[in-house]
Amino acid sequence: MRGNSDRFFLPNGAGEERLVIDDKDRLRQWHKVMRLGVGDRVRLFDGSGWEYQYAIDNMQYASNKETNLTLIGKRYFEDKKSKIYLGFGVLKDQTRMEWMVEKCTELGVDGFVPILADNCQIVLKKMKTKNENLQMSKQDRLEKKIIEACEQCGRVRVPEILPIYRIDDLQKFENWQIIVLEKNVANEDVLKIVEGKNILIFIGPEGGWSKREITLFGERKYCFLYVNENILRAETAAVAGVLWVSLIK
């Protein structure tokens, strides 16, 4: 169920005093589904931290041509001091991966890091360097799910999807606190979140982490997190790990 039915993502133009909306799908949604009319209000956000409230001036429904909006208010939301990113072994099942990013967006994840782990069950085409993104169609679908989740849950900043990384090439995150979800490895000490430091939570692919990866994580002094005695699906582990970290921050 959509929780904030009057919120919409507009990457370009939000914040201007006057807006002309000419997206036919959006106009059809406002007219046919939401039954909006002159004087009704909508909230727009562009990912910058601002949320803008607009009043509808006119609705040219007959042609579905355009709708004019007038800015009547705005609000800024402060950004987090430390962010939470989810690093995930790329899943073969697109539907499960979409569900995962949707729910983790609702829980407050600020970005997603696709990982080409040893036990990933897919072979990505054109995977030549760490800077290759997910196959375009898959990434587009993930981004759509993320935006829909932001509209629904009230977020004003849209989580980013970083390029694919290999486990052996994570220098970008060397100053982050990295937490690895793994059932068979436990920390000697109680895991504590470092205040003010960005956090990267790793969950394995369908095949789990390999022995090589577990050894590598240990050598790099990553923290291990044990959340349940059962073997969790990747998307379930993601939600559990993000929720756990969010609660103790």
# chains A, B, ... in the order shown; residues from 1 in each chain; ligands from 1

$ select_by_dssp --residues "region 52-216 of chain A" --states "strand (DSSP E)" --output "PyMOL selection string"
chain A and resi 52-59+67-76+84-89+111-116+160-161+165-166+177-181+199-203

$ residues_around --residues "Leu225 (chain A)" --least-positions-apart "3" --cutoff "7 Å" --atoms "only C-alpha atoms" --output "PyMOL selection string"
chain A and resi 179-182+186

$ write_last_selection --atoms "N, CA, C and O atoms" --output "short mmCIF file (atom, residue, chain, number, x, y, z; two decimals), in the first residue's frame"
data_model
loop_
_atom_site.label_atom_id
_atom_site.label_comp_id
_atom_site.auth_asym_id
_atom_site.auth_seq_id
_atom_site.Cartn_x
_atom_site.Cartn_y
_atom_site.Cartn_z
N ILE A 179 30.88 -4.34 7.97
CA ILE A 179 30.28 -5.41 8.76
C ILE A 179 29.83 -6.52 7.81
O ILE A 179 29.09 -6.26 6.86
N VAL A 180 30.30 -7.72 8.07
CA VAL A 180 29.98 -8.87 7.20
C VAL A 180 28.99 -9.78 7.90
O VAL A 180 29.24 -10.24 9.02
N LEU A 181 27.85 -10.02 7.25
CA LEU A 181 26.89 -10.98 7.82
C LEU A 181 27.35 -12.39 7.47
O LEU A 181 27.48 -12.75 6.31
N GLU A 182 27.61 -13.18 8.51
CA GLU A 182 28.10 -14.55 8.32
C GLU A 182 27.74 -15.38 9.53
O GLU A 182 28.09 -15.04 10.66
N ALA A 186 32.06 -15.56 14.30
CA ALA A 186 31.58 -14.62 15.33
C ALA A 186 32.73 -13.74 15.81
O ALA A 186 33.89 -14.15 15.82
#

$ closest_residue --among "A:Glu206, A:Asp22, A:Glu16, A:Asp79" --to "Asp118 (chain A)" --atoms "only C-alpha atoms"
A:Glu206

$ closest_residue --among "A:Asn119, A:Val113, A:Trp244, A:Gly15" --to "Lys172 (chain A)" --atoms "only C-alpha atoms"
A:Val113

$ select_by_dssp --residues "region 1-243 of chain A" --states "alpha helix (DSSP H)" --output "JSON, numbers by chain"
{"A": [24, 25, 26, 27, 28, 94, 95, 96, 97, 98, 99, 100, 101, 102, 103, 104, 105, 106, 136, 137, 138, 139, 140, 141, 142, 143, 144, 145, 146, 147, 148, 149, 150, 151, 152, 153, 211, 212, 213, 214, 215, 216, 217, 218, 219, 234, 235, 236, 237, 238, 239, 240, 241, 242, 243]}

$ write_last_selection --atoms "C-alpha atoms" --output "CSV table (one decimal), in the first residue's frame"
chain,number,residue,atom,x,y,z
A,24,LYS,CA,1.4,11.6,-19.8
A,25,ASP,CA,1.8,8.7,-17.4
A,26,ARG,CA,2.0,11.0,-14.5
A,27,LEU,CA,-1.0,13.0,-15.6
A,28,ARG,CA,-3.0,9.9,-16.2
A,94,GLN,CA,15.9,-10.2,-10.3
A,95,THR,CA,12.6,-10.1,-8.4
A,96,ARG,CA,14.3,-11.0,-5.1
A,97,MET,CA,17.0,-8.3,-5.8
A,98,GLU,CA,14.3,-5.7,-6.4
A,99,TRP,CA,12.5,-6.6,-3.2
A,100,MET,CA,15.7,-6.3,-1.3
A,101,VAL,CA,16.6,-2.8,-2.5
A,102,GLU,CA,13.0,-1.7,-2.0
A,103,LYS,CA,12.8,-2.8,1.6
A,104,CYS,CA,16.3,-1.6,2.5
A,105,THR,CA,15.5,1.8,1.0
A,106,GLU,CA,12.5,2.0,3.3
A,136,MET,CA,21.4,-1.6,-17.9
A,137,SER,CA,18.0,-3.1,-17.9
A,138,LYS,CA,18.5,-4.6,-14.4
A,139,GLN,CA,19.9,-1.3,-13.0
A,140,ASP,CA,17.0,0.7,-14.4
A,141,ARG,CA,14.5,-1.6,-12.8
A,142,LEU,CA,16.4,-1.4,-9.4
A,143,GLU,CA,16.5,2.4,-9.6
A,144,LYS,CA,12.7,2.5,-10.3
A,145,LYS,CA,12.1,0.4,-7.3
A,146,ILE,CA,14.3,2.6,-5.1
A,147,ILE,CA,12.4,5.8,-6.3
A,148,GLU,CA,9.0,4.2,-5.7
A,149,ALA,CA,10.1,3.2,-2.2
A,150,CYS,CA,11.3,6.8,-1.5
A,151,GLU,CA,8.0,8.2,-2.7
A,152,GLN,CA,6.1,5.8,-0.4
A,153,CYS,CA,8.1,6.0,2.7
A,211,LYS,CA,36.3,-19.8,2.3
A,212,ARG,CA,38.7,-17.5,0.5
A,213,GLU,CA,36.4,-14.5,1.1
A,214,ILE,CA,35.9,-15.3,4.7
A,215,THR,CA,39.7,-15.5,5.2
A,216,LEU,CA,40.2,-12.2,3.3
A,217,PHE,CA,37.6,-10.5,5.5
A,218,GLY,CA,39.4,-11.7,8.6
A,219,GLU,CA,42.7,-10.5,7.4
A,234,ALA,CA,20.3,-13.1,0.8
A,235,GLU,CA,17.4,-10.6,0.8
A,236,THR,CA,16.3,-11.6,4.3
A,237,ALA,CA,19.8,-11.3,5.6
A,238,ALA,CA,20.0,-7.8,4.1
A,239,VAL,CA,16.8,-6.6,5.9
A,240,ALA,CA,17.9,-8.2,9.2
A,241,GLY,CA,21.4,-6.7,9.0
A,242,VAL,CA,20.2,-3.2,8.1
A,243,LEU,CA,17.6,-3.2,10.8

$ closest_residue --among "A:Leu44, A:Arg155, A:Glu66, A:Trp30" --to "Glu78 (chain A)" --atoms "only C-alpha atoms"
A:Arg155

$ atom_distance --atom1 "CA of Ile164 (chain A)" --atom2 "CA of Gly111 (chain A)"
12.5 Å

$ atom_distance --atom1 "CA of Arg157 (chain A)" --atom2 "CA of Asn68 (chain A)"
24.6 Å

$ closest_residue --among "A:Val42, A:Leu69, A:Leu116, A:Ile21" --to "Ser210 (chain A)" --atoms "only C-alpha atoms"
A:Leu116

$ atom_distance --atom1 "CA of Gln177 (chain A)" --atom2 "CA of Arg233 (chain A)"
23.4 Å

$ residues_around --residues "Ala55 (chain A)" --least-positions-apart "2" --cutoff "6 Å" --atoms "only C-alpha atoms" --output "compact mmCIF listing (two decimals) with C-alpha atoms, in the first residue's frame"
# COMPACT_ATOMS: atom_id res chain seq x y z
CA GLY A 39 -6.48 23.43 -5.96
CA ASP A 40 -5.26 19.99 -4.86
CA ARG A 41 -1.68 19.69 -3.67
CA LEU A 69 1.78 23.84 -10.69
CA THR A 70 2.58 26.72 -8.34
